[in-house]
Amino acid sequence: MTTTDAGPESGRPSIRPSIWPPPPPRGVIARLGDAAMHFLEHLDAVSRMFAGSVRAGFRRPFEWRAILEQLEKLGVQSVGIVVVTSVFIGMVMAVQFAFGLRKFGGMEYTGRVVALSFARELAPSLTAIIVGGRIGAGMAAEVGSMNVTEQIDAVRALGADPLKKLVWPRLVASVIVMPILSALALVLGFTGAMLVTDLEFHIQWRFFLNSALTAVTMMDVVAGMAKTPFFGAIIALVGCHFGLTTTGGTAGVGRSTTSTVVTISIAILIADFFLTKAAILLWPSG
């Protein structure tokens, strides 16, 4: 089917193809294929950025000042949220386990269950998700704002490498601070659980502590803490990736920040599964 309209110069009608009927909608398989290709493109970009930042990071100068600044931003400024969340998560877990185990006459096992849960899973993974949402969004917003205002182009014009100046300090700082914050969350979460069980369920804190220490081994702590550097790398790479690919002004910065928080949460949960399986294979008796 064709339609006619007046030509702009001759005044005679021109013939152009009609847009009716509309193209058929894409099927589910096609949309899944597009999503898979989109994911692979992002994965390839993140891998290239990681390799490039590592190569650039070991070239002089070593950006010690920038790394220290990021340690302060990512680590020190995240202590408050770690303290609040870990203490109350420990309290909630203790109340839930004590209330549930009391039905079966096993309330004395509360300390062991809480300690194992925090050492192997809750302290590293929940801390990574909560802190990762904060620092990852900050990275995406900061780097994205620099990108849309052409500051990153100015860095390139001055002969510097944005991966060395922007990505490498954030990557190193994130890998360093995540084990420290997770260890802090482990201590504070267990302390909160110990206090609430003493006050609420009259389980003496000494008994709670001794039972937990008999159940938790060093391998349990190592298996949990060994995952945190990988979580830190995921947080930094995802945040910097979405920041460097931000377009569209302030609205684009908002979209990149939202995508960063969602992607970090999903990526940490997926990585946590595979890292936990690897830890069980390496330390089956842990």
# chains A, B, ... in the order shown; residues from 1 in each chain; ligands from 1
$ residues_around --residues "range 96-106 of chain A" --least-positions-apart "5" --cutoff "8 Å" --atoms "only C-alpha atoms" --output "PDB file with N, CA, C and O atoms, in the first residue's frame"
ATOM      1  N   VAL A 113      24.399 -21.448  65.823  1.00  0.00           N
ATOM      2  CA  VAL A 113      23.769 -21.174  64.527  1.00  0.00           C
ATOM      3  C   VAL A 113      24.038 -19.746  64.074  1.00  0.00           C
ATOM      4  O   VAL A 113      24.382 -19.491  62.910  1.00  0.00           O
ATOM      5  N   VAL A 114      23.900 -18.786  64.991  1.00  0.00           N
ATOM      6  CA  VAL A 114      24.131 -17.382  64.640  1.00  0.00           C
ATOM      7  C   VAL A 114      25.590 -17.167  64.246  1.00  0.00           C
ATOM      8  O   VAL A 114      25.894 -16.479  63.260  1.00  0.00           O
ATOM      9  N   THR A 197      20.065 -11.958  73.181  1.00  0.00           N
ATOM     10  CA  THR A 197      19.689 -13.256  73.756  1.00  0.00           C
ATOM     11  C   THR A 197      19.857 -13.264  75.272  1.00  0.00           C
ATOM     12  O   THR A 197      19.090 -13.932  75.982  1.00  0.00           O
ATOM     13  N   PHE A 201      16.078 -13.656  76.188  1.00  0.00           N
ATOM     14  CA  PHE A 201      15.839 -15.086  76.404  1.00  0.00           C
ATOM     15  C   PHE A 201      16.638 -15.655  77.575  1.00  0.00           C
ATOM     16  O   PHE A 201      16.635 -16.865  77.783  1.00  0.00           O
TER      17      PHE A 201
END
$ residues_around --residues "Ala271 in chain A" --least-positions-apart "6" --cutoff "12 Å" --atoms "only C-alpha atoms" --output "list in words"
Pro124, Ser125, Ala128, Ile129, Lys227, Thr228, Pro229, Phe230, Phe231, Gly232, Ala233, Ile234, Ile235, Thr263, Ile264, Ser265, Lys277 and Ala278 of chain A
$ write_last_selection --atoms "all heavy atoms" --output "compact mmCIF listing (two decimals), in the first residue's frame"
# COMPACT_ATOMS: atom_id res chain seq x y z
N PRO A 124 29.90 -11.38 55.23
CA PRO A 124 30.47 -10.97 53.94
C PRO A 124 29.45 -10.55 52.90
O PRO A 124 29.61 -9.50 52.26
CB PRO A 124 31.25 -12.21 53.47
CG PRO A 124 30.65 -13.34 54.21
CD PRO A 124 30.17 -12.80 55.52
N SER A 125 28.38 -11.32 52.73
CA SER A 125 27.47 -11.05 51.62
C SER A 125 26.54 -9.86 51.88
O SER A 125 26.37 -8.99 51.03
CB SER A 125 26.64 -12.29 51.29
OG SER A 125 25.89 -12.69 52.43
N ALA A 128 28.48 -6.68 51.77
CA ALA A 128 28.80 -6.32 50.39
C ALA A 128 27.60 -5.71 49.68
O ALA A 128 27.73 -4.73 48.93
CB ALA A 128 29.31 -7.54 49.63
N ILE A 129 26.41 -6.26 49.90
CA ILE A 129 25.22 -5.73 49.23
C ILE A 129 24.87 -4.35 49.75
O ILE A 129 24.60 -3.41 48.98
CB ILE A 129 24.05 -6.71 49.41
CG1 ILE A 129 24.31 -7.99 48.63
CG2 ILE A 129 22.75 -6.07 48.94
CD1 ILE A 129 23.26 -9.06 48.85
N LYS A 227 35.76 -14.32 50.37
CA LYS A 227 34.87 -13.86 49.30
C LYS A 227 34.84 -12.35 49.17
O LYS A 227 34.46 -11.82 48.12
CB LYS A 227 33.45 -14.38 49.55
CG LYS A 227 33.33 -15.88 49.55
CD LYS A 227 31.89 -16.33 49.68
CE LYS A 227 31.35 -16.13 51.05
NZ LYS A 227 30.00 -16.71 51.22
N THR A 228 35.22 -11.63 50.23
CA THR A 228 35.02 -10.18 50.24
C THR A 228 35.89 -9.42 49.23
O THR A 228 35.42 -8.42 48.68
CB THR A 228 35.26 -9.65 51.66
OG1 THR A 228 36.57 -10.05 52.12
CG2 THR A 228 34.22 -10.20 52.61
N PRO A 229 37.16 -9.81 48.96
CA PRO A 229 37.88 -9.07 47.91
C PRO A 229 37.21 -9.18 46.54
O PRO A 229 37.22 -8.22 45.76
CB PRO A 229 39.26 -9.73 47.92
CG PRO A 229 39.41 -10.31 49.27
CD PRO A 229 38.05 -10.77 49.66
N PHE A 230 36.63 -10.33 46.23
CA PHE A 230 35.91 -10.47 44.96
C PHE A 230 34.68 -9.56 44.93
O PHE A 230 34.37 -8.95 43.91
CB PHE A 230 35.50 -11.92 44.75
CG PHE A 230 36.65 -12.87 44.63
CD1 PHE A 230 37.13 -13.57 45.72
CD2 PHE A 230 37.26 -13.07 43.39
CE1 PHE A 230 38.19 -14.45 45.60
CE2 PHE A 230 38.33 -13.94 43.26
CZ PHE A 230 38.80 -14.63 44.37
N PHE A 231 33.98 -9.47 46.06
CA PHE A 231 32.84 -8.56 46.13
C PHE A 231 33.28 -7.11 45.94
O PHE A 231 32.62 -6.33 45.26
CB PHE A 231 32.13 -8.71 47.48
CG PHE A 231 31.49 -10.05 47.69
CD1 PHE A 231 31.23 -10.52 48.97
CD2 PHE A 231 31.14 -10.86 46.62
CE1 PHE A 231 30.63 -11.75 49.17
CE2 PHE A 231 30.54 -12.10 46.81
CZ PHE A 231 30.30 -12.54 48.09
N GLY A 232 34.41 -6.76 46.55
CA GLY A 232 34.92 -5.40 46.37
C GLY A 232 35.27 -5.09 44.94
O GLY A 232 34.99 -3.99 44.44
N ALA A 233 35.88 -6.06 44.25
CA ALA A 233 36.20 -5.84 42.83
C ALA A 233 34.94 -5.68 41.99
O ALA A 233 34.87 -4.84 41.09
CB ALA A 233 37.05 -7.01 42.32
N ILE A 234 33.91 -6.49 42.28
CA ILE A 234 32.64 -6.38 41.54
C ILE A 234 32.04 -5.00 41.74
O ILE A 234 31.57 -4.35 40.78
CB ILE A 234 31.68 -7.48 42.00
CG1 ILE A 234 32.16 -8.84 41.51
CG2 ILE A 234 30.26 -7.21 41.49
CD1 ILE A 234 31.37 -10.01 42.07
N ILE A 235 32.03 -4.51 42.97
CA ILE A 235 31.44 -3.20 43.27
C ILE A 235 32.15 -2.10 42.49
O ILE A 235 31.51 -1.26 41.84
CB ILE A 235 31.50 -2.93 44.78
CG1 ILE A 235 30.60 -3.91 45.53
CG2 ILE A 235 31.11 -1.50 45.09
CD1 ILE A 235 30.81 -3.92 47.02
N THR A 263 22.53 -3.93 39.54
CA THR A 263 23.51 -4.87 39.00
C THR A 263 24.45 -5.38 40.07
O THR A 263 24.80 -6.56 40.10
CB THR A 263 24.30 -4.20 37.86
OG1 THR A 263 23.39 -3.70 36.87
CG2 THR A 263 25.25 -5.19 37.21
N ILE A 264 24.89 -4.49 40.97
CA ILE A 264 25.79 -4.91 42.04
C ILE A 264 25.12 -5.95 42.94
O ILE A 264 25.72 -6.97 43.30
CB ILE A 264 26.25 -3.69 42.84
CG1 ILE A 264 27.31 -2.91 42.06
CG2 ILE A 264 26.83 -4.11 44.20
CD1 ILE A 264 27.73 -1.62 42.72
N SER A 265 23.87 -5.72 43.30
CA SER A 265 23.16 -6.65 44.17
C SER A 265 23.04 -8.03 43.52
O SER A 265 23.30 -9.06 44.15
CB SER A 265 21.78 -6.10 44.52
OG SER A 265 21.89 -4.84 45.16
N LYS A 277 30.44 -22.41 46.74
CA LYS A 277 30.73 -23.75 46.24
C LYS A 277 32.23 -24.01 46.18
O LYS A 277 32.70 -25.10 46.53
CB LYS A 277 30.10 -23.92 44.86
CG LYS A 277 28.59 -23.89 44.84
CD LYS A 277 27.99 -25.13 45.48
CE LYS A 277 28.21 -26.35 44.63
NZ LYS A 277 27.56 -27.56 45.20
N ALA A 278 32.99 -23.02 45.74
CA ALA A 278 34.44 -23.18 45.68
C ALA A 278 35.03 -23.35 47.07
O ALA A 278 35.95 -24.16 47.28
CB ALA A 278 35.06 -21.98 44.97
$ closest_residue --among "A:Gly90, A:Gly57, A:Pro179, A:Gly144" --to "Thr250 in chain A" --atoms "only C-alpha atoms"
A:Gly144
$ residues_around --residues "Ala279 in chain A" --least-positions-apart "2" --cutoff "12 Å" --atoms "only C-alpha atoms" --output "JSON list (two decimals) with C-alpha atoms, in the first residue's frame"
[["chain", "number", "residue", "atom", "x", "y", "z"],
["A", 120, "ARG", "CA", 30.24, -17.93, 56.52],
["A", 121, "GLU", "CA", 27.49, -15.88, 54.91],
["A", 219, "MET", "CA", 38.15, -22.22, 58.22],
["A", 220, "ASP", "CA", 34.61, -20.94, 58.60],
["A", 221, "VAL", "CA", 35.89, -17.40, 59.07],
["A", 222, "VAL", "CA", 38.40, -17.73, 56.24],
["A", 223, "ALA", "CA", 35.76, -19.14, 53.89],
["A", 224, "GLY", "CA", 33.58, -16.11, 54.52],
["A", 225, "MET", "CA", 36.28, -13.44, 54.46],
["A", 226, "ALA", "CA", 37.92, -14.87, 51.32],
["A", 227, "LYS", "CA", 34.87, -13.86, 49.30],
["A", 272, "ASP", "CA", 28.38, -15.58, 46.31],
["A", 273, "PHE", "CA", 26.90, -18.87, 45.14],
["A", 274, "PHE", "CA", 29.93, -19.85, 43.07],
["A", 275, "LEU", "CA", 32.41, -18.64, 45.69],
["A", 276, "THR", "CA", 30.59, -20.62, 48.39],
["A", 277, "LYS", "CA", 30.73, -23.75, 46.24],
["A", 281, "LEU", "CA", 35.33, -27.81, 47.65],
["A", 282, "LEU", "CA", 38.57, -26.33, 48.98],
["A", 283, "TRP", "CA", 37.73, -26.68, 52.68],
["A", 284, "PRO", "CA", 35.11, -29.44, 52.96],
["A", 285, "SER", "CA", 35.60, -29.77, 56.71],
["A", 286, "GLY", "CA", 35.43, -26.03, 57.38]]
$ closest_residue --among "A:Thr127, A:Gln204, A:Thr245, A:Ser145" --to "Val87 in chain A" --atoms "only C-alpha atoms"
A:Thr127
$ atom_distance --atom1 "CA of Ser86 in chain A" --atom2 "CA of Gln70 in chain A"
22.7 Å
$ closest_residue --among "A:Gly252, A:Pro162, A:Gly75, A:Gly133" --to "Val175 in chain A" --atoms "only C-alpha atoms"
A:Gly75
$ closest_residue --among "A:Ile280, A:Met194, A:Val172, A:Ala137" --to "Phe62 in chain A" --atoms "only C-alpha atoms"
A:Val172
$ residues_around --residues "range 78-80 of chain A" --least-positions-apart "3" --cutoff "12 Å" --atoms "only C-alpha atoms" --output "ChimeraX atom specification"
/A:70-75,83-87,127-128,130-136,138,174,177-178,180-185,188
$ residues_around --residues "range 47-54 of chain A" --least-positions-apart "3" --cutoff "9 Å" --atoms "only C-alpha atoms" --output "ChimeraX atom specification"
/A:42-44,57-58,161-164,166-168,171,237,240-241
$ write_last_selection --atoms "C-alpha atoms" --output "PDB file, in the first residue's frame"
ATOM      1  CA  HIS A  42      28.621  -5.309  29.228  1.00  0.00           C
ATOM      2  CA  LEU A  43      30.687  -8.263  30.463  1.00  0.00           C
ATOM      3  CA  ASP A  44      33.228  -7.738  27.695  1.00  0.00           C
ATOM      4  CA  GLY A  57      47.914   0.742  37.726  1.00  0.00           C
ATOM      5  CA  PHE A  58      51.366  -0.825  37.885  1.00  0.00           C
ATOM      6  CA  ASP A 161      44.732   7.476  31.300  1.00  0.00           C
ATOM      7  CA  PRO A 162      41.216   7.586  32.837  1.00  0.00           C
ATOM      8  CA  LEU A 163      41.549   3.935  33.844  1.00  0.00           C
ATOM      9  CA  LYS A 164      44.646   4.771  35.888  1.00  0.00           C
ATOM     10  CA  LEU A 166      39.690   6.950  38.034  1.00  0.00           C
ATOM     11  CA  VAL A 167      39.206   3.184  37.943  1.00  0.00           C
ATOM     12  CA  TRP A 168      42.420   1.839  39.488  1.00  0.00           C
ATOM     13  CA  LEU A 171      39.332  -0.794  42.501  1.00  0.00           C
ATOM     14  CA  LEU A 237      34.129  -2.422  38.332  1.00  0.00           C
ATOM     15  CA  CYS A 240      33.019   2.612  37.212  1.00  0.00           C
ATOM     16  CA  HIS A 241      31.651   0.841  34.127  1.00  0.00           C
TER      17      HIS A 241
END
$ atom_distance --atom1 "CA of Phe118 in chain A" --atom2 "CA of Val76 in chain A"
21.9 Å
$ closest_residue --among "A:Glu69, A:Met37, A:Ala115, A:Met107" --to "Asn210 in chain A" --atoms "only C-alpha atoms"
A:Ala115
